[in-house]
>>> print(open('entry16.cif').read())   # mmCIF, C-alpha atoms
data_final
#
loop_
_atom_site.label_atom_id
_atom_site.label_comp_id
_atom_site.auth_asym_id
_atom_site.auth_seq_id
_atom_site.Cartn_x
_atom_site.Cartn_y
_atom_site.Cartn_z
CA MET B 4 62.72 136.37 164.37
CA THR B 5 62.16 137.81 160.89
CA ASP B 6 59.91 140.68 159.87
CA MET B 7 57.82 138.24 157.85
CA THR B 8 54.45 136.96 159.01
CA ILE B 9 52.09 134.30 157.69
CA LYS B 10 48.35 134.85 157.69
CA LEU B 11 46.24 132.01 159.10
CA GLY B 12 42.56 132.86 159.02
CA ASP B 13 42.16 136.42 160.27
CA HIS B 14 45.45 136.56 162.18
CA ASP B 15 49.10 137.06 161.34
CA TYR B 16 51.74 134.84 162.89
CA PRO B 17 55.46 135.72 163.04
CA VAL B 18 58.04 133.67 161.20
CA MET B 19 61.14 132.85 163.24
CA SER B 20 64.58 132.10 161.80
CA GLY B 21 67.37 130.10 163.37
CA THR B 22 71.03 130.50 162.51
CA VAL B 23 70.63 127.75 159.92
CA GLY B 24 67.79 125.50 158.76
CA PRO B 25 64.16 126.15 157.81
CA ASP B 26 62.14 129.02 159.26
CA VAL B 27 59.36 128.19 161.70
CA ILE B 28 55.92 129.71 162.21
CA ASP B 29 55.25 130.85 165.77
CA ILE B 30 51.75 129.49 166.45
CA ARG B 31 51.76 129.87 170.23
CA LYS B 32 48.70 132.17 170.03
CA LEU B 33 46.86 130.11 167.42
CA TYR B 34 44.40 128.51 169.85
CA ALA B 35 43.68 131.78 171.64
CA ASP B 36 43.12 133.54 168.31
CA SER B 37 41.17 130.87 166.45
CA GLY B 38 40.06 128.16 168.87
CA LYS B 39 41.92 125.64 166.70
CA PHE B 40 45.01 123.44 167.17
CA THR B 41 47.45 122.05 164.64
CA TYR B 42 47.44 118.28 164.01
CA ASP B 43 50.94 116.77 163.69
CA PRO B 44 51.27 113.08 164.70
CA GLY B 45 54.82 112.35 165.79
CA PHE B 46 55.54 116.12 165.81
CA THR B 47 57.44 115.72 162.52
CA SER B 48 56.58 119.28 161.44
CA THR B 49 56.66 120.93 164.86
CA ALA B 50 59.59 122.56 166.64
CA SER B 51 59.05 121.75 170.32
CA CYS B 52 61.87 123.94 171.61
CA GLU B 53 64.67 126.32 170.76
CA SER B 54 68.12 124.72 170.94
CA ALA B 55 71.74 125.65 170.18
CA LEU B 56 73.16 122.14 170.56
CA THR B 57 72.79 120.03 167.45
CA TYR B 58 71.78 120.74 163.86
CA ILE B 59 70.77 118.15 161.28
CA ASP B 60 70.13 118.65 157.57
CA GLY B 61 68.70 115.33 156.52
CA ASP B 62 68.59 116.12 152.80
CA GLU B 63 72.27 117.06 152.68
CA GLY B 64 73.47 114.47 155.23
CA VAL B 65 74.78 117.08 157.68
CA LEU B 66 75.17 116.67 161.46
CA LEU B 67 76.72 119.50 163.49
CA HIS B 68 77.41 119.66 167.23
CA ARG B 69 77.64 123.33 168.27
CA GLY B 70 78.55 124.00 164.64
CA TYR B 71 81.29 121.37 164.31
CA PRO B 72 80.74 118.62 161.67
CA ILE B 73 80.39 115.15 163.18
CA GLY B 74 83.03 113.75 160.80
CA GLN B 75 85.68 116.15 162.11
CA LEU B 76 84.78 115.44 165.73
CA ALA B 77 84.80 111.66 165.23
CA GLU B 78 88.13 111.72 163.42
CA GLN B 79 90.03 114.27 165.49
CA SER B 80 88.33 114.66 168.86
CA SER B 81 87.56 112.46 171.88
CA PHE B 82 84.32 111.65 173.64
CA MET B 83 85.38 113.69 176.67
CA GLU B 84 86.06 116.70 174.45
CA VAL B 85 82.73 116.34 172.65
CA SER B 86 80.99 116.00 176.04
CA TYR B 87 82.56 119.27 177.18
CA LEU B 88 81.54 120.91 173.89
CA LEU B 89 77.90 119.83 174.20
CA LEU B 90 77.68 120.89 177.83
CA ASN B 91 79.52 124.21 177.55
CA GLY B 92 79.10 125.38 173.98
CA GLU B 93 82.78 125.65 173.04
CA LEU B 94 85.70 123.27 172.62
CA PRO B 95 87.83 123.22 175.78
CA SER B 96 91.36 124.49 176.16
CA LYS B 97 93.96 121.92 177.13
CA ALA B 98 93.62 122.91 180.81
CA GLU B 99 89.81 122.90 180.67
CA LEU B 100 89.75 119.46 179.10
CA ALA B 101 92.16 118.09 181.71
CA SER B 102 90.06 119.56 184.54
CA PHE B 103 86.80 118.24 183.05
CA THR B 104 88.27 114.77 182.47
CA THR B 105 89.55 114.66 186.06
CA THR B 106 86.12 115.66 187.37
CA ILE B 107 84.38 112.93 185.37
CA THR B 108 87.02 110.37 186.41
CA ARG B 109 86.52 111.21 190.10
CA HIS B 110 82.77 110.58 189.83
CA THR B 111 82.86 107.13 188.20
CA MET B 112 82.34 105.04 191.35
CA LEU B 113 78.83 104.06 192.43
CA HIS B 114 77.46 104.08 195.96
CA GLU B 115 78.33 100.65 197.38
CA GLN B 116 74.71 99.87 198.24
CA LEU B 117 73.88 99.89 194.54
CA ALA B 118 75.80 96.62 194.16
CA THR B 119 73.11 95.08 196.35
CA PHE B 120 70.45 96.73 194.23
CA TYR B 121 71.72 94.82 191.16
CA ARG B 122 71.26 91.52 192.93
CA GLY B 123 67.53 92.14 193.09
CA PHE B 124 67.31 91.56 189.33
CA ARG B 125 67.17 88.17 187.63
CA ARG B 126 70.45 87.16 186.01
CA ASP B 127 68.78 87.05 182.59
CA ALA B 128 67.28 90.53 182.92
CA HIS B 129 67.87 92.74 179.88
CA PRO B 130 70.65 95.29 180.58
CA MET B 131 68.28 98.11 179.63
CA ALA B 132 65.80 96.97 182.27
CA VAL B 133 68.62 97.07 184.81
CA MET B 134 69.82 100.48 183.65
CA CYS B 135 66.32 101.97 183.85
CA GLY B 136 66.05 100.82 187.45
CA VAL B 137 69.55 101.75 188.58
CA VAL B 138 69.61 105.20 186.98
CA GLY B 139 66.20 105.99 188.41
CA ALA B 140 67.46 104.84 191.82
CA LEU B 141 70.39 107.29 191.73
CA SER B 142 68.02 110.00 192.95
CA ALA B 143 67.66 108.01 196.18
CA PHE B 144 71.43 108.20 196.75
CA TYR B 145 72.47 111.66 195.56
CA HIS B 146 70.12 114.15 197.22
CA ASP B 147 72.75 116.88 197.11
CA SER B 148 72.38 117.32 193.34
CA SER B 149 68.65 117.13 192.76
CA ASP B 150 67.70 120.82 193.12
CA ILE B 151 67.11 121.73 189.49
CA ASN B 152 66.93 125.46 190.31
CA ASP B 153 70.54 125.51 191.51
CA PRO B 154 72.97 125.73 188.53
CA HIS B 155 75.79 124.27 190.63
CA GLN B 156 73.72 121.23 191.60
CA ARG B 157 72.65 120.78 187.97
CA MET B 158 76.31 120.74 186.97
CA ILE B 159 77.18 118.16 189.63
CA ALA B 160 74.24 115.96 188.57
CA SER B 161 75.32 116.26 184.93
CA HIS B 162 78.89 115.23 185.73
CA ARG B 163 77.70 112.35 187.89
CA LEU B 164 75.44 110.95 185.20
CA ILE B 165 78.10 111.11 182.49
CA ALA B 166 80.69 109.59 184.83
CA LYS B 167 78.58 106.81 186.34
CA MET B 168 76.84 105.56 183.21
CA PRO B 169 79.83 103.42 182.06
CA THR B 170 80.05 101.88 185.53
CA ILE B 171 76.30 101.19 185.56
CA ALA B 172 76.40 99.63 182.07
CA ALA B 173 79.50 97.52 182.81
CA MET B 174 77.96 96.25 186.06
CA ALA B 175 74.77 95.30 184.18
CA TYR B 176 76.90 93.19 181.82
CA LYS B 177 78.96 91.62 184.61
CA TYR B 178 75.83 90.72 186.52
CA SER B 179 74.31 89.02 183.45
CA VAL B 180 77.36 86.76 182.97
CA GLY B 181 77.88 86.01 186.66
CA GLN B 182 81.26 87.72 186.97
CA PRO B 183 82.35 90.00 189.83
CA PHE B 184 82.00 93.76 189.47
CA LEU B 185 85.20 95.68 188.81
CA TYR B 186 85.78 99.07 190.37
CA PRO B 187 86.82 101.91 188.03
CA ASP B 188 90.50 102.52 187.37
CA ASN B 189 91.30 106.24 187.43
CA SER B 190 94.49 105.75 185.43
CA LEU B 191 92.52 104.83 182.30
CA SER B 192 90.57 106.96 179.83
CA TYR B 193 86.79 107.19 179.97
CA THR B 194 86.41 104.56 177.23
CA GLY B 195 89.39 102.43 178.30
CA ASN B 196 88.01 102.27 181.82
CA PHE B 197 84.64 101.10 180.50
CA LEU B 198 86.29 98.35 178.45
CA ARG B 199 88.22 97.15 181.49
CA MET B 200 85.15 97.19 183.77
CA THR B 201 83.24 95.21 181.11
CA PHE B 202 85.78 92.63 179.97
CA GLY B 203 88.41 92.58 182.72
CA VAL B 204 88.49 90.11 185.63
CA PRO B 205 90.13 90.44 189.06
CA ALA B 206 92.37 87.43 188.43
CA GLU B 207 94.60 89.14 185.86
CA PRO B 208 95.50 92.55 184.45
CA TYR B 209 93.41 93.88 181.58
CA VAL B 210 95.33 95.50 178.74
CA VAL B 211 93.27 97.99 176.72
CA ASN B 212 93.61 97.53 172.96
CA PRO B 213 94.16 101.10 171.65
CA VAL B 214 92.41 100.37 168.33
CA VAL B 215 89.33 99.02 170.11
CA GLU B 216 89.45 101.92 172.58
CA LYS B 217 89.53 104.45 169.74
CA ALA B 218 86.75 102.66 167.85
CA LEU B 219 84.45 102.58 170.86
CA ASP B 220 85.25 106.20 171.72
CA ARG B 221 84.31 107.07 168.14
CA ILE B 222 81.02 105.18 168.48
CA PHE B 223 80.31 107.15 171.65
CA ILE B 224 80.95 110.42 169.79
CA LEU B 225 78.66 109.41 166.93
CA HIS B 226 75.84 108.67 169.37
CA ALA B 227 76.38 111.61 171.75
CA ASP B 228 73.42 113.70 170.57
CA HIS B 229 71.01 113.75 167.65
CA GLU B 230 68.71 116.71 168.07
CA GLN B 231 65.08 116.22 169.20
CA ASN B 232 64.74 112.46 168.71
CA ALA B 233 62.24 110.38 170.67
CA SER B 234 64.40 109.75 173.77
CA THR B 235 65.72 113.33 173.92
CA SER B 236 62.19 114.66 173.61
CA THR B 237 61.22 112.28 176.41
CA VAL B 238 63.98 113.65 178.64
CA ARG B 239 62.85 117.21 177.91
CA LEU B 240 59.19 116.34 178.50
CA ALA B 241 59.98 114.68 181.83
CA GLY B 242 62.23 117.58 182.77
CA SER B 243 59.55 120.13 181.93
CA SER B 244 57.57 118.90 184.94
CA GLY B 245 60.48 119.68 187.26
CA ALA B 246 61.46 116.04 187.74
CA ASN B 247 64.95 115.42 189.09
CA PRO B 248 67.71 114.78 186.51
CA PHE B 249 68.15 111.11 187.37
CA ALA B 250 64.45 110.42 186.76
CA CYS B 251 64.61 112.34 183.47
CA ILE B 252 67.55 110.29 182.17
CA ALA B 253 65.85 107.06 183.30
CA ALA B 254 62.85 108.13 181.20
CA GLY B 255 65.19 108.66 178.24
CA ILE B 256 66.66 105.19 178.69
CA ALA B 257 63.16 103.67 178.74
CA CYS B 258 62.29 105.40 175.46
CA LEU B 259 65.61 104.49 173.84
CA TRP B 260 64.93 100.81 174.58
CA GLY B 261 62.36 100.69 171.77
CA PRO B 262 63.51 98.69 168.70
CA ALA B 263 62.57 101.58 166.39
CA HIS B 264 65.03 103.83 168.25
CA GLY B 265 67.99 102.43 170.16
CA GLY B 266 67.52 98.83 169.10
CA ALA B 267 68.14 99.46 165.41
CA ASN B 268 71.80 98.38 165.40
CA GLU B 269 70.88 95.06 167.04
CA ALA B 270 68.20 94.53 164.38
CA ALA B 271 70.71 95.33 161.62
CA LEU B 272 73.24 92.81 162.95
CA ASN B 273 70.56 90.13 163.27
CA MET B 274 69.58 90.77 159.65
CA LEU B 275 73.20 90.40 158.46
CA ARG B 276 73.44 87.12 160.38
CA GLU B 277 70.19 85.96 158.82
CA ILE B 278 71.57 86.64 155.34
CA GLY B 279 74.63 84.66 156.36
CA THR B 280 76.76 84.69 153.20
CA PRO B 281 77.23 87.19 150.35
CA ASP B 282 75.71 84.85 147.75
CA ARG B 283 72.32 85.18 149.48
CA ILE B 284 72.26 88.99 149.25
CA PRO B 285 70.32 89.17 145.93
CA GLU B 286 67.58 87.02 147.44
CA PHE B 287 67.14 89.42 150.37
CA ILE B 288 67.32 92.52 148.19
CA ALA B 289 64.54 91.05 146.05
CA ARG B 290 62.49 90.44 149.19
CA ALA B 291 63.06 94.03 150.33
CA LYS B 292 61.64 95.28 147.01
CA ASP B 293 58.59 93.00 147.22
CA LYS B 294 55.68 94.99 148.64
CA ASN B 295 53.97 91.78 149.73
CA ASP B 296 56.99 90.57 151.74
CA PRO B 297 57.23 91.99 155.31
CA PHE B 298 61.05 91.74 155.21
CA ARG B 299 62.89 95.06 155.52
CA LEU B 300 66.57 95.84 155.13
CA MET B 301 67.55 97.00 158.61
CA GLY B 302 70.26 99.65 158.88
CA PHE B 303 69.19 101.39 155.67
CA GLY B 304 67.37 104.70 155.51
CA HIS B 305 66.68 107.11 158.35
CA ARG B 306 63.75 109.11 159.67
CA VAL B 307 65.72 112.34 159.17
CA TYR B 308 68.55 111.62 156.73
CA LYS B 309 67.49 111.43 153.09
CA ASN B 310 71.11 111.20 152.05
CA TYR B 311 74.09 109.16 153.26
CA ASP B 312 74.15 109.23 157.07
CA PRO B 313 77.34 111.23 157.84
CA ARG B 314 78.00 108.95 160.82
CA ALA B 315 77.99 105.86 158.61
CA THR B 316 81.02 107.10 156.65
CA VAL B 317 83.11 107.10 159.83
CA MET B 318 81.73 103.71 160.85
CA GLN B 319 82.68 102.12 157.54
CA GLN B 320 86.31 103.07 158.10
CA THR B 321 86.23 102.08 161.78
CA VAL B 322 84.87 98.59 161.16
CA ARG B 323 87.85 97.78 158.95
CA GLU B 324 90.29 98.99 161.62
CA VAL B 325 88.67 96.88 164.34
CA PHE B 326 88.51 93.71 162.26
CA LYS B 327 92.15 94.08 161.31
CA ALA B 328 93.31 94.82 164.87
CA MET B 329 91.38 91.89 166.34
CA ASN B 330 92.14 89.56 163.44
CA VAL B 331 88.46 88.85 163.02
CA SER B 332 87.27 86.77 160.09
CA ASP B 333 83.51 87.04 160.07
CA PRO B 334 81.20 86.44 157.10
CA VAL B 335 78.90 89.09 158.57
CA PHE B 336 81.52 91.70 157.69
CA ASP B 337 81.69 90.49 154.09
CA VAL B 338 77.90 90.51 153.89
CA ALA B 339 77.79 94.07 155.24
CA LEU B 340 80.29 95.43 152.72
CA GLN B 341 78.77 93.69 149.71
CA LEU B 342 75.20 94.49 150.74
CA GLU B 343 76.12 98.16 151.03
CA GLU B 344 77.79 98.17 147.63
CA MET B 345 74.84 96.45 145.96
CA ALA B 346 72.24 98.62 147.67
CA ILE B 347 73.85 101.99 146.92
CA ASN B 348 74.16 101.02 143.24
CA ASP B 349 70.64 99.66 142.91
CA PRO B 350 68.23 102.19 141.30
CA TYR B 351 65.45 101.09 143.65
CA PHE B 352 67.39 102.02 146.80
CA VAL B 353 68.86 105.17 145.26
CA GLU B 354 65.41 106.39 144.22
CA LYS B 355 63.99 105.75 147.69
CA LYS B 356 67.14 107.20 149.32
CA LEU B 357 67.72 104.05 151.38
CA PHE B 358 71.36 104.64 152.24
CA PRO B 359 73.24 102.82 155.02
CA ASN B 360 72.92 104.51 158.41
CA VAL B 361 75.12 104.41 161.51
CA ASP B 362 73.33 101.33 162.87
CA PHE B 363 74.32 99.30 159.81
CA TYR B 364 77.96 99.22 160.92
CA SER B 365 77.95 99.89 164.66
CA GLY B 366 76.37 96.53 165.49
CA VAL B 367 79.06 94.69 163.52
CA ILE B 368 81.82 96.62 165.34
CA LEU B 369 80.34 96.09 168.80
CA SER B 370 79.91 92.38 168.12
CA ALA B 371 83.55 92.12 166.98
CA ILE B 372 84.69 93.81 170.19
CA GLY B 373 82.81 91.19 172.19
CA PHE B 374 79.56 92.82 173.26
CA PRO B 375 76.42 90.67 173.15
CA THR B 376 73.52 92.18 171.22
CA THR B 377 71.62 92.83 174.45
CA MET B 378 74.30 95.37 175.40
CA PHE B 379 74.06 97.39 172.18
CA THR B 380 71.25 99.66 173.37
CA ALA B 381 72.89 100.02 176.78
CA LEU B 382 75.99 101.37 175.02
CA PHE B 383 73.79 103.74 173.05
CA ALA B 384 72.31 104.99 176.34
CA LEU B 385 75.79 105.41 177.80
CA ALA B 386 76.85 107.65 174.91
CA ARG B 387 73.55 109.53 174.55
CA THR B 388 73.53 110.47 178.25
CA VAL B 389 75.76 113.47 177.53
CA GLY B 390 73.30 114.70 174.90
CA TRP B 391 70.35 114.13 177.20
CA VAL B 392 72.08 115.98 180.02
CA ALA B 393 73.05 118.90 177.77
CA GLN B 394 69.51 119.13 176.38
CA TRP B 395 68.04 118.95 179.89
CA ASN B 396 70.32 121.74 181.11
CA GLU B 397 69.43 123.88 178.12
CA MET B 398 65.73 123.32 178.73
CA ILE B 399 65.92 124.20 182.43
CA SER B 400 67.79 127.42 181.58
CA ASP B 401 65.28 128.47 178.90
CA PRO B 402 62.92 131.17 180.26
CA ALA B 403 60.37 130.30 177.54
CA GLN B 404 60.14 126.67 178.67
CA LYS B 405 56.74 125.43 179.83
CA ILE B 406 55.56 122.05 181.02
CA GLY B 407 54.96 119.84 178.01
CA ARG B 408 51.27 119.50 177.19
CA PRO B 409 50.51 118.28 173.64
CA ARG B 410 46.96 118.67 172.37
CA GLN B 411 44.86 116.04 170.60
CA LEU B 412 42.25 115.52 167.90
CA TYR B 413 39.47 113.89 169.90
CA THR B 414 37.48 111.22 167.99
CA GLY B 415 35.70 109.47 170.88
CA PRO B 416 32.02 109.62 171.86
CA THR B 417 30.37 112.96 172.56
CA GLN B 418 28.84 113.52 175.99
CA ARG B 419 26.37 110.85 177.07
CA ASP B 420 24.52 110.00 180.26
CA TYR B 421 25.46 107.21 182.65
CA VAL B 422 23.08 104.22 182.67
CA PRO B 423 22.89 102.09 185.85
CA VAL B 424 24.25 98.58 185.40
CA ASP B 425 20.85 96.85 185.86
CA GLN B 426 19.39 98.91 182.99
CA ARG B 427 22.10 98.13 180.40
#
>>> encode(input="entry16.cif", output="structure tokens")
Amino acid sequence: MTDMTIKLGDHDYPVMSGTVGPDVIDIRKLYADSGKFTYDPGFTSTASCESALTYIDGDEGVLLHRGYPIGQLAEQSSFMEVSYLLLNGELPSKAELASFTTTITRHTMLHEQLATFYRGFRRDAHPMAVMCGVVGALSAFYHDSSDINDPHQRMIASHRLIAKMPTIAAMAYKYSVGQPFLYPDNSLSYTGNFLRMTFGVPAEPYVVNPVVEKALDRIFILHADHEQNASTSTVRLAGSSGANPFACIAAGIACLWGPAHGGANEAALNMLREIGTPDRIPEFIARAKDKNDPFRLMGFGHRVYKNYDPRATVMQQTVREVFKAMNVSDPVFDVALQLEEMAINDPYFVEKKLFPNVDFYSGVILSAIGFPTTMFTALFALARTVGWVAQWNEMISDPAQKIGRPRQLYTGPTQRDYVPVDQR
């Protein structure tokens, strides 16, 4: 907190400073002092919590996890290491990373009865619908880690969620294509194990492609946490009521399912497929500029970033590596590269700061690996679980935390008397 205050009406309100980023005005006593609320649809100008996890500077294109730039983590780290960092605040030693990885590996299996639970869904059910149900159902199977007031139980629940999410997502995919579930293989990495459970079959060994494994691990890192976005805020809001961690993460998955949030990479890939070939790009750019045309360039621009999305830089490099390793020849890739080049050099897009974001490339990569578009958001949920869990733990440990209760600007009728139905 700074020594500065801001006067609102007849009262002074303290100005609080974080370690980096804009100052905030502490208006917790505003209603008591003035009888008035603030009005902020979407909470775009309101800090809902104090957090030490992730920092974003949208104007400069900066994303830090516990102070570490996302580019450095994506290039040099692993998803397990980033998970440890988000949960514990510091990068692990070699021994700590080995112990953490072993713990996660030992928790990857699901209760056997959950296999029966899957069979209650239709085969054509969306994987996110399945994941919402299965993750919510975990609280019915793991009673020994649902006491949110016990730090040890919170840690066990956190490890279980991170460990079991790849198994849950892979089983959702297997169920949709009518293939048998594969049990986890403890000899593989977190990401390699997920690839095997998704694309392997019992009839033959599955060999993990190291380039694909690294690319997917990088995608997981890039999606691990992103400050107080809609799904993270949902997890915190659900958690503020004292709900068990499995219910909170299920709520996050439900929110992430929305096309404006987790479904953006699927929308971007569909757009690239609609364009089809590079020669049609000018036509679609012209449509994007036309105010009377509802068409939008998906995968460009971001709610927070008003500069180049720092995650997109890593993705651009990764997509080339994957296509080369898998010997993929896809016009969608050519469209993506040429569309990016044309857009970032077009004064219209530069002026409006419509730069490519992480979704622009991640959908192309996931498609090249072999994931259907319906699995894209499920993969996002898998990766974001570590961020949700870390944010939930931070919230539970915050003594200033209260149950979420936003206010409203009421515009309905004033008080009126009831009229019996035969007199209306």
>>> closest_residue(input="entry16.cif", among="B:Leu117, B:Ile288, B:Met318, B:Val307", to="B:Glu63", atoms="only C-alpha atoms")
B:Val307
>>> closest_atom_pairs(input="entry16.cif", of="stretch 186-255 of chain B", to="stretch 374-397 of chain B", cutoff="7 Å", atoms="all atoms listed in the file", output="Markdown table")
| residue | atom | partner | partner_atom | distance |
| --- | --- | --- | --- | --- |
| B:Phe223 | CA | B:Ala386 | CA | 4.8 |
| B:His226 | CA | B:Ala386 | CA | 5.7 |
| B:Ala227 | CA | B:Arg387 | CA | 4.5 |
| B:Asp228 | CA | B:Gly390 | CA | 4.4 |
| B:Thr235 | CA | B:Trp391 | CA | 5.7 |
| B:Val238 | CA | B:Trp391 | CA | 6.5 |
| B:Arg239 | CA | B:Trp395 | CA | 5.8 |
| B:Gly242 | CA | B:Trp395 | CA | 6.6 |
| B:Ile252 | CA | B:Trp391 | CA | 6.9 |
>>> atom_distance(input="entry16.cif", atom1="atom CA of B:Gly195", atom2="atom CA of B:Pro95")
21.0 Å
>>> resolve_selection(input="entry16.cif", expression="the PyMOL selection byres ((chain B and resi 172) around 8)", output="list in words")
Pro130, Met134, Met168, Pro169, Thr170, Ile171, Ala173, Met174, Ala175, Tyr176, Ala381, Leu382 and Leu385 of chain B
>>> residues_near_point(input="entry16.cif", point="(79.3, 98.3, 154.5)", cutoff="8 Å", atoms="all atoms listed in the file", output="PDB file with C-alpha atoms, in the frame of the given file")
ATOM      1  CA  GLN B 319      82.680 102.120 157.540  1.00  0.00           C
ATOM      2  CA  PHE B 336      81.520  91.700 157.690  1.00  0.00           C
ATOM      3  CA  VAL B 338      77.900  90.510 153.890  1.00  0.00           C
ATOM      4  CA  ALA B 339      77.790  94.070 155.240  1.00  0.00           C
ATOM      5  CA  LEU B 340      80.290  95.430 152.720  1.00  0.00           C
ATOM      6  CA  GLN B 341      78.770  93.690 149.710  1.00  0.00           C
ATOM      7  CA  LEU B 342      75.200  94.490 150.740  1.00  0.00           C
ATOM      8  CA  GLU B 343      76.120  98.160 151.030  1.00  0.00           C
ATOM      9  CA  GLU B 344      77.790  98.170 147.630  1.00  0.00           C
ATOM     10  CA  PRO B 359      73.240 102.820 155.020  1.00  0.00           C
ATOM     11  CA  PHE B 363      74.320  99.300 159.810  1.00  0.00           C
ATOM     12  CA  TYR B 364      77.960  99.220 160.920  1.00  0.00           C
TER      13      TYR B 364
END
>>> atom_distance(input="entry16.cif", atom1="atom CA of B:Thr316", atom2="atom CA of B:Val65")
11.8 Å
>>> residues_around(input="entry16.cif", residues="B:Ser20", least_positions_apart="6", cutoff="12 Å", atoms="all atoms listed in the file", output="number ranges by chain")
B: 4-8, 26-29, 50, 53
>>> residues_around(input="entry16.cif", residues="stretch 329-333 of chain B", least_positions_apart="3", cutoff="9 Å", atoms="all atoms listed in the file", output="list in words")
Asn212, Val214, Val215, Glu324, Val325, Phe326, Phe336, Asp337, Ala371 and Ile372 of chain B
>>> residues_around(input="entry16.cif", residues="B:Gln404", least_positions_apart="2", cutoff="10 Å", atoms="only C-alpha atoms", output="PyMOL selection string")
chain B and resi 51-53+239+243+397-402+406-407
>>> axis_aligned_box(input="entry16.cif", around="stretch 227-232 of chain B", padding_each_side="4 Å", output="lines of an AutoDock Vina configuration file")
center_x = 70.6
center_y = 114.2
center_z = 169.7
size_x = 19.6
size_y = 13.1
size_z = 12.1
>>> atom_distance(input="entry16.cif", atom1="atom CA of B:Ser161", atom2="atom CA of B:Arg408")
25.5 Å
>>> residues_around(input="entry16.cif", residues="stretch 181-194 of chain B", least_positions_apart="6", cutoff="7 Å", atoms="only C-alpha atoms", output="list in words")
Thr108, Thr111, Met112, Met174, Met200, Glu216, Leu219 and Asp220 of chain B
>>> resolve_selection(input="entry16.cif", expression="the PyMOL selection byres ((chain B and resi 269) around 10)", output="compact mmCIF listing (two decimals) with C-alpha atoms, in the coordinates of the input")
# COMPACT_ATOMS: atom_id res chain seq x y z
CA PRO B 262 63.51 98.69 168.70
CA GLY B 265 67.99 102.43 170.16
CA GLY B 266 67.52 98.83 169.10
CA ALA B 267 68.14 99.46 165.41
CA ASN B 268 71.80 98.38 165.40
CA ALA B 270 68.20 94.53 164.38
CA ALA B 271 70.71 95.33 161.62
CA LEU B 272 73.24 92.81 162.95
CA ASN B 273 70.56 90.13 163.27
CA MET B 274 69.58 90.77 159.65
CA MET B 301 67.55 97.00 158.61
CA GLY B 302 70.26 99.65 158.88
CA ASP B 362 73.33 101.33 162.87
CA PHE B 363 74.32 99.30 159.81
CA SER B 365 77.95 99.89 164.66
CA GLY B 366 76.37 96.53 165.49
CA VAL B 367 79.06 94.69 163.52
CA LEU B 369 80.34 96.09 168.80
CA SER B 370 79.91 92.38 168.12
CA PRO B 375 76.42 90.67 173.15
CA THR B 376 73.52 92.18 171.22
CA THR B 377 71.62 92.83 174.45
CA MET B 378 74.30 95.37 175.40
CA PHE B 379 74.06 97.39 172.18
CA THR B 380 71.25 99.66 173.37
>>> resolve_selection(input="entry16.cif", expression="the PyMOL selection byres ((chain B and resi 41-43) around 12)", output="ChimeraX atom specification")
/B:11,28-34,37-40,44-51,409-413
>>> residues_around(input="entry16.cif", residues="B:Tyr71", least_positions_apart="6", cutoff="10 Å", atoms="only C-alpha atoms", output="ChimeraX atom specification")
/B:57-58,85,88,93-94
>>> closest_residue(input="entry16.cif", among="B:His110, B:Glu230, B:Tyr145, B:Glu78", to="B:Ala55", atoms="only C-alpha atoms")
B:Glu230
>>> closest_residue(input="entry16.cif", among="B:Asn295, B:Ser179, B:Asn196, B:Gln426", to="B:Arg126", atoms="only C-alpha atoms")
B:Ser179
